[in-house]
Every structure is written in structure tokens, then in C-alpha cells.
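data34.tsv (TSV, C-alpha atoms and all ligand atoms)
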```tsv
chain	number	residue	atom	x	y	z
A	8	MET	CA	0.00	0.00	0.00
A	9	LYS	CA	1.44	3.34	-1.02
A	10	ILE	CA	1.12	6.03	1.66
A	11	THR	CA	1.81	9.70	1.05
A	12	ILE	CA	2.21	11.98	4.05
A	13	THR	CA	2.21	15.73	3.50
A	14	THR	CA	2.90	18.32	6.17
A	15	LEU	CA	0.48	21.17	5.54
A	16	GLY	CA	1.32	23.10	8.69
A	17	SER	CA	3.93	22.80	11.42
A	18	ILE	CA	3.96	25.94	13.54
A	19	SER	CA	1.95	27.16	16.49
A	20	PRO	CA	0.18	29.08	17.97
A	21	TYR	CA	-0.35	31.32	14.91
A	22	SER	CA	0.35	31.16	11.19
A	23	LYS	CA	3.12	33.32	9.80
A	24	GLU	CA	4.35	34.17	6.29
A	25	ASN	CA	4.20	30.89	4.35
A	26	MET	CA	3.90	28.70	7.45
A	27	ASN	CA	0.64	27.25	8.72
A	28	CYS	CA	-0.65	25.84	11.97
A	29	PRO	CA	-0.88	22.03	12.39
A	30	GLY	CA	-2.19	19.81	9.62
A	31	PHE	CA	-1.04	16.52	8.09
A	32	LEU	CA	-2.56	14.91	5.03
A	33	ILE	CA	-2.26	11.12	4.81
A	34	GLU	CA	-3.21	9.70	1.41
A	35	TYR	CA	-3.56	5.95	0.74
A	36	GLN	CA	-5.76	3.71	-1.37
A	37	THR	CA	-8.66	6.04	-2.27
A	38	TYR	CA	-8.68	7.78	1.12
A	39	LYS	CA	-7.44	11.04	2.51
A	40	ILE	CA	-7.02	11.58	6.22
A	41	LEU	CA	-6.41	15.05	7.56
A	42	LEU	CA	-4.92	15.20	11.05
A	43	ASP	CA	-5.89	18.60	12.49
A	44	CYS	CA	-7.04	21.59	10.49
A	45	GLY	CA	-4.83	24.49	11.56
A	46	ASN	CA	-4.89	28.07	10.36
A	47	GLY	CA	-3.80	28.39	6.73
A	48	ILE	CA	-3.69	24.74	5.68
A	49	THR	CA	-6.58	24.97	3.19
A	50	ARG	CA	-4.39	27.02	0.86
A	51	LEU	CA	-2.26	23.90	0.34
A	52	LEU	CA	-5.21	21.61	-0.40
A	53	HIS	CA	-6.52	21.06	-3.92
A	54	PHE	CA	-10.21	21.75	-4.40
A	55	PRO	CA	-12.50	20.05	-5.11
A	56	SER	CA	-10.46	16.84	-5.48
A	57	ASP	CA	-9.10	16.77	-1.91
A	58	LEU	CA	-12.66	16.89	-0.54
A	59	ASN	CA	-13.37	13.47	-2.04
A	60	ASN	CA	-13.17	10.66	0.49
A	61	LEU	CA	-11.81	13.11	3.07
A	62	HIS	CA	-11.77	12.21	6.79
A	63	VAL	CA	-10.81	15.07	9.11
A	64	PHE	CA	-9.66	14.41	12.68
A	65	LEU	CA	-9.62	17.31	15.14
A	66	THR	CA	-7.51	16.34	18.15
A	67	HIS	CA	-8.65	19.15	20.44
A	68	PHE	CA	-10.31	22.53	20.40
A	69	HIS	CA	-7.37	24.90	20.69
A	70	SER	CA	-7.70	27.46	17.89
A	71	ASP	CA	-4.39	26.60	16.19
A	72	HIS	CA	-5.69	23.07	15.52
A	73	ILE	CA	-9.14	24.00	14.22
A	74	GLY	CA	-8.52	27.41	12.62
A	75	ASP	CA	-9.42	26.31	9.08
A	76	ILE	CA	-12.26	23.88	9.79
A	77	GLY	CA	-14.85	26.55	8.94
A	78	SER	CA	-13.15	27.13	5.55
A	79	LEU	CA	-13.13	23.41	4.88
A	80	GLN	CA	-16.81	23.07	5.82
A	81	TYR	CA	-17.72	26.01	3.59
A	82	ALA	CA	-15.63	24.56	0.73
A	83	SER	CA	-17.57	21.28	1.04
A	84	PHE	CA	-20.86	23.21	1.00
A	85	CYS	CA	-19.95	25.31	-2.07
A	86	HIS	CA	-18.50	22.43	-4.09
A	87	HIS	CA	-21.51	20.27	-3.27
A	88	ASN	CA	-23.82	23.04	-4.50
A	89	LEU	CA	-21.72	23.38	-7.66
A	90	GLY	CA	-22.14	19.65	-8.30
A	91	ASN	CA	-18.47	18.87	-7.67
A	92	LEU	CA	-18.91	16.86	-4.48
A	93	SER	CA	-21.45	14.07	-4.06
A	94	LYS	CA	-20.17	12.45	-0.85
A	95	LYS	CA	-20.03	14.29	2.49
A	96	ILE	CA	-16.69	14.93	4.14
A	97	GLN	CA	-16.33	13.07	7.46
A	98	VAL	CA	-15.31	15.07	10.52
A	99	TYR	CA	-14.24	13.46	13.82
A	100	LEU	CA	-14.03	15.54	16.97
A	101	PRO	CA	-13.91	15.21	20.77
A	102	ASP	CA	-17.16	15.11	22.74
A	103	ASN	CA	-16.24	17.93	25.09
A	104	ASP	CA	-17.41	21.39	24.09
A	105	PHE	CA	-14.41	23.52	25.01
A	106	ARG	CA	-15.36	27.18	24.44
A	107	PHE	CA	-18.43	25.98	22.50
A	108	ASN	CA	-16.23	24.98	19.54
A	109	ARG	CA	-17.95	21.60	19.11
A	110	THR	CA	-21.35	23.31	19.09
A	111	ALA	CA	-20.11	25.89	16.57
A	112	ILE	CA	-18.72	23.24	14.20
A	113	LEU	CA	-21.78	20.98	14.41
A	114	SER	CA	-24.24	23.84	14.01
A	115	ASN	CA	-22.57	25.18	10.85
A	116	LYS	CA	-25.31	24.56	8.31
A	117	GLU	CA	-23.20	25.78	5.39
A	118	SER	CA	-21.36	22.50	5.40
A	119	PHE	CA	-21.63	19.15	3.60
A	120	ALA	CA	-20.34	16.88	6.32
A	121	ASP	CA	-21.04	14.03	8.73
A	122	TYR	CA	-19.75	14.16	12.30
A	123	HIS	CA	-18.34	11.44	14.54
A	124	SER	CA	-17.00	11.24	18.09
A	125	ILE	CA	-13.40	10.89	19.12
A	126	GLN	CA	-13.27	8.84	22.33
A	127	GLU	CA	-10.70	6.53	23.87
A	128	LYS	CA	-12.82	3.42	23.40
A	129	GLN	CA	-13.79	4.37	19.86
A	130	SER	CA	-11.89	3.28	16.77
A	131	TYR	CA	-12.62	3.58	13.07
A	132	GLN	CA	-11.59	1.34	10.19
A	133	ILE	CA	-10.90	3.46	7.12
A	134	GLY	CA	-9.56	1.34	4.27
A	135	ASP	CA	-6.56	-0.63	5.57
A	136	PHE	CA	-6.03	1.64	8.58
A	137	LEU	CA	-7.53	1.17	12.02
A	138	ILE	CA	-7.64	4.56	13.70
A	139	SER	CA	-7.64	4.86	17.48
A	140	PHE	CA	-7.20	7.56	20.12
A	141	GLU	CA	-5.83	8.22	23.58
A	142	ASP	CA	-5.88	11.28	25.80
A	143	ASN	CA	-2.50	11.55	27.50
A	144	HIS	CA	-4.00	13.92	30.10
A	145	SER	CA	-0.86	16.04	29.92
A	146	HIS	CA	-2.01	18.98	27.80
A	147	SER	CA	-3.93	21.93	29.20
A	148	ILE	CA	-7.25	20.61	27.82
A	149	GLU	CA	-8.56	17.22	26.64
A	150	SER	CA	-6.41	16.39	23.59
A	151	TYR	CA	-6.14	13.12	21.69
A	152	MET	CA	-3.11	11.31	20.35
A	153	ILE	CA	-4.02	9.40	17.17
A	154	LYS	CA	-2.75	6.06	15.92
A	155	LEU	CA	-3.12	4.79	12.36
A	156	GLN	CA	-2.38	1.10	12.22
A	157	SER	CA	-2.36	-1.17	9.18
A	158	GLN	CA	-0.88	-4.64	8.87
A	159	ASN	CA	2.61	-3.31	8.24
A	160	PHE	CA	2.65	0.40	9.05
A	161	LYS	CA	2.01	2.28	12.26
A	162	LEU	CA	1.81	6.06	12.39
A	163	VAL	CA	1.35	7.94	15.66
A	164	TYR	CA	0.54	11.64	15.86
A	165	THR	CA	0.81	13.04	19.37
A	166	SER	CA	-0.89	16.37	18.72
A	167	ASP	CA	-0.37	18.48	21.86
A	168	ILE	CA	1.14	16.72	24.83
A	169	GLY	CA	2.84	17.75	28.04
A	170	THR	CA	5.67	16.31	30.05
A	171	ASN	CA	3.87	14.74	33.01
A	172	ASN	CA	2.96	11.38	31.43
A	173	MET	CA	5.91	10.40	29.26
A	174	ASN	CA	5.29	6.66	29.78
A	175	GLY	CA	1.77	7.02	28.41
A	176	ILE	CA	3.13	8.56	25.22
A	177	ILE	CA	5.93	6.00	24.90
A	178	ASN	CA	3.45	3.11	25.26
A	179	PHE	CA	1.06	4.60	22.73
A	180	ALA	CA	3.88	5.26	20.25
A	181	LYS	CA	5.59	1.87	20.80
A	182	ASP	CA	7.20	0.47	17.64
A	183	SER	CA	5.69	3.10	15.38
A	184	ASP	CA	7.12	3.38	11.89
A	185	LEU	CA	6.58	7.12	11.98
A	186	LEU	CA	6.09	9.20	15.10
A	187	ILE	CA	4.91	12.77	14.53
A	188	CYS	CA	5.66	14.44	17.85
A	189	GLU	CA	5.10	17.99	18.90
A	190	SER	CA	8.14	20.00	19.96
A	191	SER	CA	6.79	23.42	20.84
A	192	PHE	CA	9.93	24.45	22.66
A	193	LEU	CA	13.66	23.99	22.84
A	194	GLU	CA	15.42	23.32	26.12
A	195	THR	CA	17.03	26.75	25.67
A	196	HIS	CA	13.60	28.36	25.89
A	197	ASN	CA	13.73	27.40	29.52
A	198	SER	CA	9.95	27.34	29.48
A	199	SER	CA	8.16	26.63	32.72
A	200	THR	CA	5.19	25.14	30.90
A	201	LYS	CA	4.57	21.44	31.43
A	202	THR	CA	1.77	21.26	28.89
A	203	HIS	CA	4.01	21.10	25.80
A	204	MET	CA	7.00	19.06	24.70
A	205	THR	CA	10.55	20.06	23.88
A	206	ALA	CA	12.44	18.73	20.85
A	207	SER	CA	14.86	17.00	23.18
A	208	LYS	CA	12.09	15.19	25.07
A	209	ALA	CA	10.43	14.25	21.77
A	210	GLY	CA	13.73	12.60	20.83
A	211	GLN	CA	13.79	10.69	24.11
A	212	ILE	CA	10.22	9.51	23.55
A	213	ALA	CA	11.04	8.32	20.02
A	214	LYS	CA	14.09	6.45	21.26
A	215	LEU	CA	12.30	4.75	24.16
A	216	ALA	CA	9.30	3.92	21.97
A	217	GLN	CA	11.71	2.53	19.36
A	218	ALA	CA	10.03	4.56	16.68
A	219	LYS	CA	11.70	4.04	13.31
A	220	GLN	CA	11.31	7.67	12.25
A	221	LEU	CA	10.56	10.85	14.14
A	222	LEU	CA	9.00	13.92	12.58
A	223	LEU	CA	9.15	16.97	14.84
A	224	THR	CA	6.42	19.54	14.49
A	225	HIS	CA	4.47	22.32	16.25
A	226	PHE	CA	7.36	24.78	16.20
A	227	TRP	CA	7.47	28.13	17.86
A	228	PRO	CA	6.95	30.64	14.99
A	229	GLU	CA	9.76	32.94	16.03
A	230	GLU	CA	12.38	30.17	15.85
A	231	ASP	CA	14.45	29.40	12.76
B	301	ZN	ZN	-3.24	22.73	22.25
```
Please express what this file holds, its structure, as C-alpha cells.
Amino acid sequence: MKITITTLGSISPYSKENMNCPGFLIEYQTYKILLDCGNGITRLLHFPSDLNNLHVFLTHFHSDHIGDIGSLQYASFCHHNLGNLSKKIQVYLPDNDFRFNRTAILSNKESFADYHSIQEKQSYQIGDFLISFEDNHSHSIESYMIKLQSQNFKLVYTSDIGTNNMNGIINFAKDSDLLICESSFLETHNSSTKTHMTASKAGQIAKLAQAKQLLLTHFWPEED
């Protein structure tokens, strides 16, 4: 199975110049999976073709991870009305309603979409990938790590994680072929926050989880 992984956005908490907030497009078989929908990522998608067979996973309701979901919903609505899209896009999101974001997304009537829950005991089979979730309880709000598992490829995306449950992350990411791990800070930032990861700790996680490849992401916009 050929898998194409495209980074659409890799900075946080705001978009800047030609850099977008988090978004990863995973293409395989006839499917497209979008992990997070950060500010600016829709400008790198191709419309209407990328709306076909599109499954969007929103890991949590911080604005840098959902900034473009309204644009994507509206694109689905417009292209459906133009006759370019016959099948609804599928959107998966947590059950909590942090700052009414879930309500806002679900009540957007100018959208051609179905909605599904992200929960720890929930998993979805999409083509050859089984998709499952876990809240590491280390970020400042409920936030889900996502695992895509096929017979011979395992991808783990941490989304936002903190430093107080490293073992939980290592277990979830165990033996992944590709680990996409947030690294909001460098050790030199000397940040007191415990609700984000550093690049150094992401490296430790990858090593202990025996991940074959590590992709760092979620960079501070003012860093090189
Ligand atoms: Zn966050």
C-alpha cells in the first residue's frame, strides 16, 4: 500500500508568512485523512479533489488546531452546490465542548459533512487503517493522540502533549514506523510550561518507543 504523508502546517500558535498551523494529510488507497485543520492549511489543499473521500480528525479545540475547519466546511458546501462533491466529508471531533467549539462546528449549516465522536474506546476502520485515540491527560485541555495502524505500518501523531505522562506517550507510540511528535519548545527556551514538549524530550520519547522515524512539528513561529 502506497502512503503519502504531507505536512500542511507545522507551527503554532499562529500562522506566519508561508507557514501554517498544524495539519497533516495522509493519502492511501482512495482515502485522505487530515490530522488537524490548523490556520492556513486549506491554501495547500486542492479543491474540489481533496474533498473526495476526506476524513478530518480534530484532536482538540485549541484554535491553532481548528482554525481552518470553517473554511473546509464552507468549501464542502460550495462544491456540493456546484455539483463537484457528491459524498459528504467526514469530521471526527472530541465530545467535550471547550469554548463551545464543538457546538459551533456541528451547528454550521453551510457545510456538507457528517460528524463522529473521538473517544478513547472508539476506533474507526478506514480502508486498511484502524484509527484509534488516547488522551495523555498532559495537555492543558482534553487532547487526543491518534494512531493509524495497518498490517505493516504504524503512524502515531501526538498532537499536543505535556511532560507529566511520558510513559503514556511511549506506550502509545511503541514500535511506530513514523512518530509525529510535537516539539513546541527547545530546552534553551527554559519554558516553565509542562503542557508542551521540547524537541529533546520528543527525541527521548522516540528512542524509548523505538520509533523508526521521528517527525518533529508544532514549532514556535519565532524560531528558525
Ligand atoms: Zn493545544
Between A:Asn172, A:Ser190, A:Gln97, A:Gln36, which residue has the minimum interatomic distance to A:His146, considering all atoms listed in the file? A:Asn172
Give me, please, the distance in Å between atom CA of A:Arg106 and atom CA of A:Leu65, quoted to one decimal.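 Atom-to-atom, atom CA of A:Arg106 to atom CA of A:Leu65, that is 14.7 Å.
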Could you list, as a PDB file with C-alpha atoms, in the coordinates of the input, all protein and nucleic acid residues with an atom at most 7 Å from ligand ZN 301 (chain B), counting all atoms listed in the file?
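Output (out09.pdb):
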```pdb
ATOM      1  CA  HIS A  67      -8.650  19.150  20.440  1.00  0.00           C
ATOM      2  CA  HIS A  69      -7.370  24.900  20.690  1.00  0.00           C
ATOM      3  CA  HIS A 146      -2.010  18.980  27.800  1.00  0.00           C
ATOM      4  CA  ASP A 167      -0.370  18.480  21.860  1.00  0.00           C
TER       5      ASP A 167
END
```
Tell me which protein, DNA and RNA residues are within 12 Å of stretch 129-131 of chain A, counting all atoms listed in the file, leaving out same-chain ones fewer than 5 positions away, and put them as a list in words. Ile40, His62, Phe64, Gln97, Tyr99, Leu100, Pro101, Asp102, His123, Ser124, Phe136, Leu137, Ile138, Ser139, Phe140, Glu141, Tyr151, Ile153, Lys154, Leu155, Gln156 and Ser157 of chain A
Using only C-alpha atoms, please write the residues we just selected to a file, as a PDB file, in the frame of the given file.
```pdb
ATOM      1  CA  ILE A  40      -7.020  11.580   6.220  1.00  0.00           C
ATOM      2  CA  HIS A  62     -11.770  12.210   6.790  1.00  0.00           C
ATOM      3  CA  PHE A  64      -9.660  14.410  12.680  1.00  0.00           C
ATOM      4  CA  GLN A  97     -16.330  13.070   7.460  1.00  0.00           C
ATOM      5  CA  TYR A  99     -14.240  13.460  13.820  1.00  0.00           C
ATOM      6  CA  LEU A 100     -14.030  15.540  16.970  1.00  0.00           C
ATOM      7  CA  PRO A 101     -13.910  15.210  20.770  1.00  0.00           C
ATOM      8  CA  ASP A 102     -17.160  15.110  22.740  1.00  0.00           C
ATOM      9  CA  HIS A 123     -18.340  11.440  14.540  1.00  0.00           C
ATOM     10  CA  SER A 124     -17.000  11.240  18.090  1.00  0.00           C
ATOM     11  CA  PHE A 136      -6.030   1.640   8.580  1.00  0.00           C
ATOM     12  CA  LEU A 137      -7.530   1.170  12.020  1.00  0.00           C
ATOM     13  CA  ILE A 138      -7.640   4.560  13.700  1.00  0.00           C
ATOM     14  CA  SER A 139      -7.640   4.860  17.480  1.00  0.00           C
ATOM     15  CA  PHE A 140      -7.200   7.560  20.120  1.00  0.00           C
ATOM     16  CA  GLU A 141      -5.830   8.220  23.580  1.00  0.00           C
ATOM     17  CA  TYR A 151      -6.140  13.120  21.690  1.00  0.00           C
ATOM     18  CA  ILE A 153      -4.020   9.400  17.170  1.00  0.00           C
ATOM     19  CA  LYS A 154      -2.750   6.060  15.920  1.00  0.00           C
ATOM     20  CA  LEU A 155      -3.120   4.790  12.360  1.00  0.00           C
ATOM     21  CA  GLN A 156      -2.380   1.100  12.220  1.00  0.00           C
ATOM     22  CA  SER A 157      -2.360  -1.170   9.180  1.00  0.00           C
TER      23      SER A 157
END
```
Gap from atom CA of A:Gly175 to atom CA of A:Thr224 - Å, one decimal: 19.3 Å
Nearest to A:Thr11 by atom-to-atom distance, counting all atoms listed in the file, from A:Ile48, A:Ile177, A:Leu162, A:Leu223: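 So, comparing all the options, the nearest one is A:Leu162.
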Name the closest residue to A:Phe192 among the candidates A:Asn25, A:Thr170, A:Thr14, A:Gln158; distances are taken between atoms, counting all atoms listed in the file.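 Of A:Asn25, A:Thr170, A:Thr14, A:Gln158, the one nearest A:Phe192, counting all atoms listed in the file, is A:Thr170.
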Between atom CA of A:Tyr164 and atom CA of A:His72, what distance in Å does the model show, to one decimal?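 Between atom CA of A:Tyr164 and atom CA of A:His72 the gap works out to 13.0 Å.
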Around (-9.8, 22.1, 12.8) in the file's frame, which residues reach within 7 Å when counting only C-alpha atoms? Return as a ChimeraX atom specification? /A:43-45,65,72-76
Which residue out of A:Leu89, A:Phe84, A:Phe68, A:Thr37 has the minimum interatomic distance to A:Glu149 when only C-alpha atoms are used?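 The closest residue to A:Glu149 is A:Phe68.
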For A:Gln132, which residue among A:Asn108, A:Gly90, A:Tyr38, A:Asn174 is the nearest when counting only C-alpha atoms? A:Tyr38
List as number ranges by chain the protein and nucleic acid residues near A:Ser70, meaning an atom at most 9 Å away when all atoms listed in the file are counted, but skip any in the same chain fewer than 5 places from it. A: 20-21, 45-46
